[in-house]
$ cat model_14.txt   # compact mmCIF, C-alpha atoms and all ligand atoms
# COMPACT_ATOMS: atom_id res chain seq x y z
CA MET A 1024 -18.57 -23.86 -97.34
CA ALA A 1025 -15.29 -24.93 -95.71
CA MET A 1026 -14.50 -23.06 -92.52
CA LYS A 1027 -11.26 -21.08 -92.63
CA PRO A 1028 -8.79 -22.44 -90.04
CA ILE A 1029 -7.55 -20.24 -87.18
CA ARG A 1030 -3.87 -19.80 -88.01
CA LYS A 1031 -3.02 -16.44 -86.50
CA ALA A 1032 -3.17 -15.09 -82.96
CA VAL A 1033 -2.85 -11.51 -81.75
CA PHE A 1034 -1.31 -10.79 -78.34
CA PRO A 1035 -2.00 -7.20 -77.24
CA VAL A 1036 0.88 -6.35 -74.91
CA ALA A 1037 1.11 -2.57 -75.17
CA GLY A 1038 -0.75 -1.68 -71.96
CA LEU A 1039 0.94 0.31 -69.21
CA GLY A 1040 0.31 -2.23 -66.46
CA THR A 1041 -0.40 0.50 -63.93
CA ARG A 1042 -1.81 -1.93 -61.37
CA PHE A 1043 1.62 -3.48 -61.02
CA LEU A 1044 3.69 -0.36 -60.57
CA PRO A 1045 6.46 0.01 -59.60
CA ALA A 1046 7.30 -3.51 -60.87
CA THR A 1047 6.15 -2.56 -64.37
CA LYS A 1048 8.07 0.71 -64.57
CA SER A 1049 10.84 -0.94 -66.58
CA ILE A 1050 9.59 -4.53 -66.97
CA PRO A 1051 6.59 -5.34 -69.18
CA LYS A 1052 3.68 -6.68 -67.15
CA GLU A 1053 3.55 -9.61 -69.55
CA MET A 1054 7.06 -10.62 -68.45
CA LEU A 1055 6.06 -11.05 -64.79
CA THR A 1056 6.45 -14.69 -63.89
CA ILE A 1057 4.06 -17.35 -62.71
CA VAL A 1058 6.55 -19.62 -60.92
CA ASP A 1059 9.39 -19.45 -63.47
CA ARG A 1060 7.69 -18.66 -66.79
CA PRO A 1061 6.58 -15.23 -67.88
CA LEU A 1062 2.87 -14.70 -68.41
CA ILE A 1063 3.36 -14.19 -72.14
CA GLN A 1064 4.97 -17.61 -72.49
CA TYR A 1065 1.90 -19.35 -71.04
CA VAL A 1066 -0.36 -17.78 -73.65
CA VAL A 1067 2.02 -18.34 -76.55
CA GLU A 1068 2.27 -22.02 -75.59
CA GLU A 1069 -1.52 -22.14 -75.29
CA ALA A 1070 -1.88 -20.68 -78.78
CA LYS A 1071 0.63 -23.14 -80.20
CA ALA A 1072 -1.28 -26.04 -78.65
CA ALA A 1073 -4.41 -24.74 -80.37
CA GLY A 1074 -2.75 -24.94 -83.80
CA ILE A 1075 -1.68 -21.30 -84.17
CA GLU A 1076 1.12 -20.85 -86.70
CA GLU A 1077 1.65 -17.09 -86.62
CA PHE A 1078 2.09 -15.07 -83.44
CA ILE A 1079 1.38 -11.35 -83.74
CA PHE A 1080 2.46 -9.15 -80.84
CA VAL A 1081 1.15 -5.62 -80.51
CA THR A 1082 3.82 -4.04 -78.36
CA GLY A 1083 4.79 -0.56 -77.27
CA ARG A 1084 7.75 1.34 -75.89
CA GLY A 1085 9.60 -0.45 -73.11
CA LYS A 1086 8.42 -3.88 -74.20
CA SER A 1087 11.53 -5.14 -75.96
CA ALA A 1088 12.13 -7.79 -73.27
CA ILE A 1089 9.22 -9.67 -74.87
CA GLU A 1090 11.01 -9.75 -78.24
CA ASP A 1091 14.22 -10.92 -76.60
CA HIS A 1092 12.35 -13.65 -74.77
CA PHE A 1093 11.20 -15.22 -78.03
CA ASP A 1094 14.59 -14.91 -79.69
CA LYS A 1095 17.56 -17.23 -79.56
CA ALA A 1096 20.02 -16.36 -76.75
CA TYR A 1097 23.38 -17.46 -78.14
CA GLU A 1098 25.57 -16.53 -75.17
CA LEU A 1099 23.20 -18.07 -72.67
CA GLU A 1100 22.90 -21.28 -74.68
CA GLN A 1101 26.66 -21.45 -75.01
CA ALA A 1102 27.12 -20.96 -71.27
CA LEU A 1103 24.57 -23.68 -70.48
CA GLU A 1104 26.37 -26.00 -72.89
CA THR A 1105 29.72 -25.27 -71.27
CA HIS A 1106 28.31 -25.96 -67.81
CA ASN A 1107 26.62 -29.13 -69.06
CA LYS A 1108 23.13 -27.92 -68.13
CA GLN A 1109 21.52 -29.94 -70.91
CA LYS A 1110 18.07 -30.21 -69.35
CA VAL A 1111 17.71 -26.45 -68.91
CA LEU A 1112 19.04 -25.92 -72.41
CA ALA A 1113 16.59 -28.39 -73.92
CA ASP A 1114 13.69 -26.66 -72.16
CA LEU A 1115 14.88 -23.27 -73.37
CA LYS A 1116 14.88 -24.49 -76.96
CA SER A 1117 11.63 -26.47 -76.74
CA TRP A 1118 9.19 -23.54 -76.63
CA LEU A 1119 10.96 -21.15 -78.98
CA PRO A 1120 8.59 -20.35 -81.86
CA ALA A 1121 9.85 -21.29 -85.34
CA ALA A 1122 11.88 -18.64 -87.15
CA GLY A 1123 9.60 -16.25 -89.01
CA SER A 1124 6.46 -17.24 -87.10
CA VAL A 1125 6.58 -14.26 -84.71
CA VAL A 1126 5.84 -10.71 -85.85
CA TYR A 1127 5.72 -7.45 -83.93
CA THR A 1128 3.97 -4.19 -84.48
CA ARG A 1129 3.69 -1.22 -82.15
CA GLN A 1130 0.66 0.49 -80.76
CA GLN A 1131 2.09 3.97 -80.52
CA GLU A 1132 -0.27 5.05 -77.74
CA PRO A 1133 -2.20 2.78 -75.36
CA LEU A 1134 -5.65 3.92 -76.51
CA GLY A 1135 -7.40 0.75 -75.44
CA LEU A 1136 -7.61 -2.97 -76.22
CA GLY A 1137 -9.73 -2.38 -79.34
CA HIS A 1138 -7.14 -0.02 -80.72
CA ALA A 1139 -4.33 -2.50 -79.95
CA VAL A 1140 -6.12 -5.24 -81.91
CA TRP A 1141 -6.78 -2.80 -84.78
CA CYS A 1142 -3.02 -2.16 -85.00
CA ALA A 1143 -2.65 -5.81 -86.12
CA ARG A 1144 -5.09 -5.48 -89.05
CA ARG A 1145 -2.55 -5.68 -91.87
CA LEU A 1146 -0.76 -8.59 -90.27
CA VAL A 1147 -3.99 -10.55 -89.79
CA GLY A 1148 -5.45 -9.78 -93.22
CA ASP A 1149 -8.73 -11.30 -94.34
CA GLU A 1150 -9.08 -14.37 -92.15
CA PRO A 1151 -10.57 -15.25 -88.77
CA PHE A 1152 -8.04 -15.01 -85.96
CA ALA A 1153 -7.56 -15.45 -82.23
CA VAL A 1154 -6.86 -12.84 -79.57
CA LEU A 1155 -5.27 -13.86 -76.27
CA LEU A 1156 -4.77 -11.51 -73.32
CA PRO A 1157 -1.67 -12.58 -71.42
CA ASP A 1158 -2.88 -11.35 -68.07
CA GLU A 1159 -5.51 -14.07 -68.00
CA ILE A 1160 -4.28 -17.62 -67.62
CA VAL A 1161 -6.49 -20.69 -67.66
CA GLN A 1162 -5.38 -23.96 -66.07
CA HIS A 1163 -6.78 -27.06 -67.78
CA ASP A 1164 -5.57 -30.17 -69.62
CA VAL A 1165 -7.18 -28.87 -72.80
CA PRO A 1166 -5.85 -25.34 -73.36
CA CYS A 1167 -8.61 -22.71 -73.37
CA LEU A 1168 -7.98 -21.53 -76.93
CA LYS A 1169 -8.07 -25.12 -78.19
CA GLN A 1170 -11.51 -25.46 -76.59
CA LEU A 1171 -12.64 -22.34 -78.47
CA VAL A 1172 -11.21 -23.55 -81.78
CA GLU A 1173 -13.15 -26.80 -81.38
CA ILE A 1174 -16.35 -24.79 -80.84
CA TYR A 1175 -15.54 -22.55 -83.82
CA GLN A 1176 -15.20 -25.66 -86.00
CA GLN A 1177 -18.83 -26.46 -85.11
CA THR A 1178 -20.37 -22.99 -85.16
CA GLY A 1179 -18.17 -20.75 -87.33
CA GLY A 1180 -18.28 -16.99 -86.70
CA ASN A 1181 -17.13 -15.27 -83.54
CA VAL A 1182 -16.53 -17.34 -80.42
CA ILE A 1183 -15.55 -15.92 -77.03
CA ALA A 1184 -14.64 -17.64 -73.79
CA VAL A 1185 -17.02 -16.77 -70.95
CA PHE A 1186 -17.35 -17.41 -67.21
CA SER A 1187 -19.80 -16.53 -64.44
CA VAL A 1188 -19.08 -13.64 -62.10
CA PRO A 1189 -20.88 -12.58 -58.89
CA ARG A 1190 -23.65 -10.10 -59.79
CA GLU A 1191 -22.17 -7.42 -57.49
CA GLU A 1192 -19.01 -7.45 -59.63
CA THR A 1193 -20.49 -7.01 -63.12
CA ASP A 1194 -19.17 -3.43 -63.26
CA ARG A 1195 -15.65 -4.84 -63.53
CA TYR A 1196 -16.27 -6.96 -66.63
CA GLY A 1197 -17.62 -7.10 -70.18
CA ILE A 1198 -21.02 -8.77 -69.74
CA LEU A 1199 -23.08 -10.82 -72.23
CA ASP A 1200 -26.73 -10.55 -73.11
CA VAL A 1201 -27.66 -14.04 -74.27
CA ALA A 1202 -30.52 -15.59 -76.19
CA GLY A 1203 -32.05 -18.42 -74.15
CA ASP A 1204 -30.64 -20.25 -71.15
CA ASP A 1205 -27.56 -18.47 -69.76
CA SER A 1206 -26.48 -21.55 -67.82
CA ALA A 1207 -25.78 -23.57 -70.98
CA ALA A 1208 -22.18 -24.36 -71.92
CA LEU A 1209 -22.63 -22.74 -75.33
CA VAL A 1210 -24.70 -19.55 -75.53
CA GLU A 1211 -25.76 -17.37 -78.42
CA VAL A 1212 -24.64 -13.79 -77.88
CA ARG A 1213 -27.36 -11.18 -78.36
CA GLY A 1214 -25.50 -8.23 -76.89
CA LEU A 1215 -22.39 -7.16 -74.99
CA VAL A 1216 -22.12 -4.43 -72.38
CA GLU A 1217 -18.84 -3.12 -70.99
CA LYS A 1218 -18.85 -2.88 -67.17
CA PRO A 1219 -22.62 -2.56 -66.49
CA ARG A 1220 -23.93 -1.73 -63.02
CA PRO A 1221 -25.15 -4.90 -61.24
CA ASP A 1222 -28.81 -3.80 -61.46
CA GLN A 1223 -28.44 -3.18 -65.20
CA ALA A 1224 -26.36 -6.21 -66.17
CA PRO A 1225 -28.24 -8.43 -68.68
CA SER A 1226 -26.58 -11.56 -67.21
CA THR A 1227 -23.68 -12.51 -64.98
CA LEU A 1228 -21.70 -14.08 -67.81
CA SER A 1229 -18.44 -12.28 -68.46
CA ILE A 1230 -16.09 -12.17 -71.41
CA THR A 1231 -12.64 -13.52 -70.66
CA GLY A 1232 -9.36 -12.87 -72.47
CA ARG A 1233 -9.75 -15.42 -75.29
CA TYR A 1234 -11.50 -14.60 -78.54
CA ILE A 1235 -11.95 -15.96 -82.05
CA LEU A 1236 -12.97 -13.07 -84.27
CA MET A 1237 -13.98 -12.51 -87.87
CA PRO A 1238 -11.72 -10.08 -89.77
CA GLU A 1239 -14.72 -7.73 -90.24
CA ILE A 1240 -13.99 -6.55 -86.69
CA PHE A 1241 -11.26 -4.32 -88.17
CA GLU A 1242 -13.85 -2.27 -90.11
CA HIS A 1243 -15.61 -1.47 -86.84
CA LEU A 1244 -12.41 -0.87 -84.90
CA GLY A 1245 -11.38 1.53 -87.66
CA ASP A 1246 -14.12 3.93 -86.47
CA HIS A 1247 -11.93 4.57 -83.40
CA GLU A 1248 -15.01 5.17 -81.27
CA LYS A 1249 -14.20 5.64 -77.61
CA GLY A 1250 -16.20 3.64 -75.11
CA ALA A 1251 -16.07 2.87 -71.38
CA GLY A 1252 -13.18 4.62 -69.62
CA GLY A 1253 -12.51 6.77 -72.70
CA GLU A 1254 -10.75 3.79 -74.34
CA ILE A 1255 -11.34 2.18 -77.74
CA GLN A 1256 -13.00 -1.01 -76.57
CA LEU A 1257 -12.89 -4.35 -78.35
CA THR A 1258 -16.31 -5.11 -76.88
CA ASP A 1259 -17.95 -2.18 -78.72
CA ALA A 1260 -16.66 -3.38 -82.10
CA MET A 1261 -17.73 -6.95 -81.34
CA THR A 1262 -21.24 -5.71 -80.58
CA LYS A 1263 -21.52 -4.39 -84.11
CA MET A 1264 -21.00 -7.89 -85.52
CA ILE A 1265 -23.89 -9.42 -83.58
CA GLY A 1266 -26.64 -10.61 -85.93
CA ARG A 1267 -24.35 -10.45 -88.96
CA TYR A 1268 -22.29 -13.54 -88.15
CA PRO A 1269 -22.81 -16.43 -85.75
CA PHE A 1270 -21.65 -15.23 -82.34
CA HIS A 1271 -21.25 -17.62 -79.43
CA GLY A 1272 -19.98 -17.59 -75.90
CA TYR A 1273 -18.45 -20.79 -74.57
CA ARG A 1274 -18.16 -21.54 -70.87
CA PHE A 1275 -14.62 -22.84 -71.01
CA LYS A 1276 -13.39 -25.66 -68.81
CA GLY A 1277 -10.63 -24.84 -66.36
CA GLN A 1278 -9.54 -22.47 -63.64
CA ARG A 1279 -9.13 -18.86 -64.74
CA HIS A 1280 -6.57 -16.62 -63.03
CA ASP A 1281 -6.76 -12.86 -63.42
CA CYS A 1282 -3.04 -12.17 -63.33
CA GLY A 1283 -3.60 -8.47 -64.00
CA SER A 1284 -4.48 -7.99 -60.31
CA ALA A 1285 -2.10 -8.58 -57.42
CA LEU A 1286 -4.37 -11.11 -55.70
CA GLY A 1287 -5.07 -13.07 -58.90
CA PHE A 1288 -1.37 -13.07 -59.69
CA LEU A 1289 -0.47 -14.45 -56.25
CA ARG A 1290 -3.18 -17.10 -56.49
CA ALA A 1291 -1.93 -18.17 -59.90
CA ASN A 1292 1.60 -18.53 -58.57
CA ILE A 1293 0.41 -20.78 -55.77
CA ALA A 1294 -1.92 -22.81 -58.02
CA PHE A 1295 0.76 -23.42 -60.65
CA ALA A 1296 3.44 -24.19 -58.06
CA LEU A 1297 1.12 -26.75 -56.44
CA GLN A 1298 1.03 -28.58 -59.79
CA ARG A 1299 4.79 -28.89 -59.92
CA ASP A 1300 6.28 -32.11 -58.58
CA ASP A 1301 9.51 -30.34 -57.65
CA LEU A 1302 7.74 -27.66 -55.59
CA LYS A 1303 4.38 -28.81 -54.31
CA ASP A 1304 5.38 -30.72 -51.16
CA ASP A 1305 7.75 -28.06 -49.86
CA LEU A 1306 5.25 -25.33 -50.68
CA LYS A 1307 2.46 -27.14 -48.82
CA ASP A 1308 4.77 -27.59 -45.81
CA TYR A 1309 5.58 -23.89 -45.89
CA ILE A 1310 1.91 -22.85 -46.13
CA ARG A 1311 1.11 -25.05 -43.12
CA THR A 1312 3.70 -23.19 -41.06
CA LEU A 1313 1.97 -19.86 -41.67
CA SER A 1314 -0.21 -18.92 -38.72
CA ILE A 1315 -3.28 -17.92 -40.76
P1 LIG A 1401 -5.36 -4.28 -69.23
O1 LIG A 1401 -6.21 -3.09 -69.10
O2 LIG A 1401 -5.59 -5.42 -68.29
O3 LIG A 1401 -3.82 -3.94 -69.14
O4 LIG A 1401 -5.43 -4.79 -70.72
P2 LIG A 1401 -3.08 -2.62 -68.72
O5 LIG A 1401 -3.78 -1.40 -69.20
O6 LIG A 1401 -1.67 -2.82 -69.14
O7 LIG A 1401 -3.10 -2.77 -67.14
P3 LIG A 1401 -3.50 -1.77 -65.96
O8 LIG A 1401 -5.00 -1.82 -65.88
O9 LIG A 1401 -2.95 -0.41 -66.28
O10 LIG A 1401 -2.84 -2.37 -64.77
C1 LIG A 1401 -5.46 -6.15 -71.12
C2 LIG A 1401 -4.39 -6.44 -72.16
O11 LIG A 1401 -4.50 -5.52 -73.24
C3 LIG A 1401 -3.28 -4.87 -73.49
C4 LIG A 1401 -2.49 -4.98 -72.18
O12 LIG A 1401 -1.09 -4.96 -72.46
C5 LIG A 1401 -2.97 -6.29 -71.63
O13 LIG A 1401 -2.20 -7.38 -72.12
N1 LIG A 1401 -3.54 -3.47 -73.89
C6 LIG A 1401 -4.40 -2.69 -73.17
C7 LIG A 1401 -2.90 -2.96 -75.00
O14 LIG A 1401 -2.11 -3.67 -75.67
N2 LIG A 1401 -3.14 -1.66 -75.35
C8 LIG A 1401 -3.99 -0.87 -74.66
O15 LIG A 1401 -4.16 0.31 -75.06
C9 LIG A 1401 -4.63 -1.40 -73.54
$ encode --input "model_14.txt" --output "structure tokens"
Amino acid sequence: MAMKPIRKAVFPVAGLGTRFLPATKSIPKEMLTIVDRPLIQYVVEEAKAAGIEEFIFVTGRGKSAIEDHFDKAYELEQALETHNKQKVLADLKSWLPAAGSVVYTRQQEPLGLGHAVWCARRLVGDEPFAVLLPDEIVQHDVPCLKQLVEIYQQTGGNVIAVFSVPREETDRYGILDVAGDDSAALVEVRGLVEKPRPDQAPSTLSITGRYILMPEIFEHLGDHEKGAGGEIQLTDAMTKMIGRYPFHGYRFKGQRHDCGSALGFLRANIAFALQRDDLKDDLKDYIRTLSI
């Protein structure tokens, strides 16, 4: 049977971003910038590079800056034209998604990631889809979601991006229970546990913010069962699909940055700036001057 292609991606962006207050009081966390691009733009570009054609944002109150970001800015474009800033103008136009390819729905209350994804059920319909969390950014020549799509084309079913964490930190992550060797690049998922204590964690492989999911996940999310932290967890609904569909974890290639924490965010800014020809030398010179 032909595998259905992954055409749609869901971006849950309705969280409160409490770890970044007061910055996120009136600015969506997803609009915080890594160098000069907002987090959300990195993941939208990643999705596009993986062949995604429809971009589904699950937003909330106070998030309209995200909608504006992916819309045409007539006055700005006109001003850039007038001032002959053609290069900036061309860049601004280059990443704008095609008209009609972006859709928005609102999660009325931030009840958890699982609930946010469930809010996209009618927009996704009956086909496998991707989920990308904008506060996790992966640096690699082959975008992380593209790596997952390539695995999905071999395995079908659910595919999630995974990475190793120190055992003493398992209680901060969704952890996999795997069949067989947990050091392999591709592992078969036997179970998932949200934030287990280090002595109870079935492995040290963690879920990261990139998923390819079967549409059946919506049936399980529809139960609205609360899990860890009193939130409706995506992990819990994924667990219910284990054994019913192929379910794999793929150790993605690349450097992951947890931009949802202040330290991860700062590291990402430095790492991305060091890749920029116009910034890297001056930044290195500056870092050398710091007496650390
Ligand atoms: P996080 O838990 O990292 O984001 O969720 P948060 O809740 O906004 O941040 P903190 O912990 O308070 O600082 C990961 C992603 O899921 C979205 C967030 O917007 C973020 O992109 N999310 C989370 C929702 O869309 N709805 C929710 O109810 C929870």
$ closest_residue --input "model_14.txt" --among "A:Ser1206, A:Thr1312, A:Gln1109, A:Ser1284" --to "ligand LIG 1401 (chain A)" --atoms "only C-alpha atoms and all ligand atoms"
A:Ser1284
$ atom_distance --input "model_14.txt" --atom1 "atom CA of A:Pro1269" --atom2 "atom CA of A:Gly1232"
19.2 Å
$ closest_atom_pairs --input "model_14.txt" --of "stretch 1040-1095 of chain A" --to "stretch 1113-1122 of chain A" --cutoff "12 Å" --atoms "only C-alpha atoms" --output "CSV"
residue,atom,partner,partner_atom,distance
A:Asp1059,CA,A:Leu1115,CA,11.9
A:Arg1060,CA,A:Leu1115,CA,10.8
A:Ile1063,CA,A:Trp1118,CA,11.9
A:Gln1064,CA,A:Trp1118,CA,8.4
A:Tyr1065,CA,A:Trp1118,CA,10.1
A:Val1066,CA,A:Trp1118,CA,11.5
A:Val1067,CA,A:Pro1120,CA,8.7
A:Glu1068,CA,A:Trp1118,CA,7.2
A:Glu1069,CA,A:Trp1118,CA,10.9
A:Ala1070,CA,A:Pro1120,CA,10.9
A:Lys1071,CA,A:Pro1120,CA,8.6
A:Ala1072,CA,A:Trp1118,CA,11.0
A:Ile1075,CA,A:Pro1120,CA,10.6
A:Glu1076,CA,A:Ala1121,CA,8.8
A:Glu1077,CA,A:Pro1120,CA,9.0
A:Phe1078,CA,A:Pro1120,CA,8.5
A:Ile1079,CA,A:Pro1120,CA,11.7
A:Glu1090,CA,A:Leu1119,CA,11.4
A:Asp1091,CA,A:Leu1119,CA,11.0
A:His1092,CA,A:Leu1119,CA,8.7
A:Phe1093,CA,A:Leu1119,CA,6.0
A:Asp1094,CA,A:Leu1119,CA,7.3
A:Lys1095,CA,A:Leu1119,CA,7.7
$ residues_near_ligand --input "model_14.txt" --ligand "ligand LIG 1401 (chain A)" --cutoff "10 Å" --atoms "all atoms listed in the file" --output "MDAnalysis selection string"
chainID A and resid 1033:1044 1047 1051:1053 1062:1063 1080:1083 1086 1129:1140 1142 1154:1159 1232 1254:1257 1281:1285
$ closest_residue --input "model_14.txt" --among "A:Gly1250, A:Gly1197, A:Gly1266, A:Pro1238" --to "A:Val1212" --atoms "all atoms listed in the file"
A:Gly1266
$ atom_distance --input "model_14.txt" --atom1 "atom CA of A:Thr1178" --atom2 "atom CA of A:Arg1274"
14.5 Å
$ closest_residue --input "model_14.txt" --among "A:Gln1101, A:Gln1170, A:Ser1314, A:Thr1193" --to "A:Ile1235" --atoms "all atoms listed in the file"
A:Gln1170
$ atom_distance --input "model_14.txt" --atom1 "atom CA of A:Pro1028" --atom2 "atom CA of A:Gly1245"
24.2 Å
$ closest_residue --input "model_14.txt" --among "A:Asp1205, A:Asp1300, A:Glu1211, A:Glu1242" --to "A:Trp1141" --atoms "only C-alpha atoms"
A:Glu1242
$ residues_around --input "model_14.txt" --residues "A:Leu1302" --least-positions-apart "5" --cutoff "12 Å" --atoms "only C-alpha atoms" --output "list in words"
Val1058, Asp1059, Asn1292, Ile1293, Ala1294, Phe1295, Ala1296, Leu1297, Lys1307, Asp1308 and Tyr1309 of chain A
$ closest_residue --input "model_14.txt" --among "A:Gly1287, A:Pro1219, A:Gly1179, A:Gly1203" --to "A:Met1026" --atoms "only C-alpha atoms"
A:Gly1179
$ closest_residue --input "model_14.txt" --among "A:Gln1176, A:Glu1100, A:Ser1226, A:Ala1143" --to "A:Pro1189" --atoms "only C-alpha atoms"
A:Ser1226
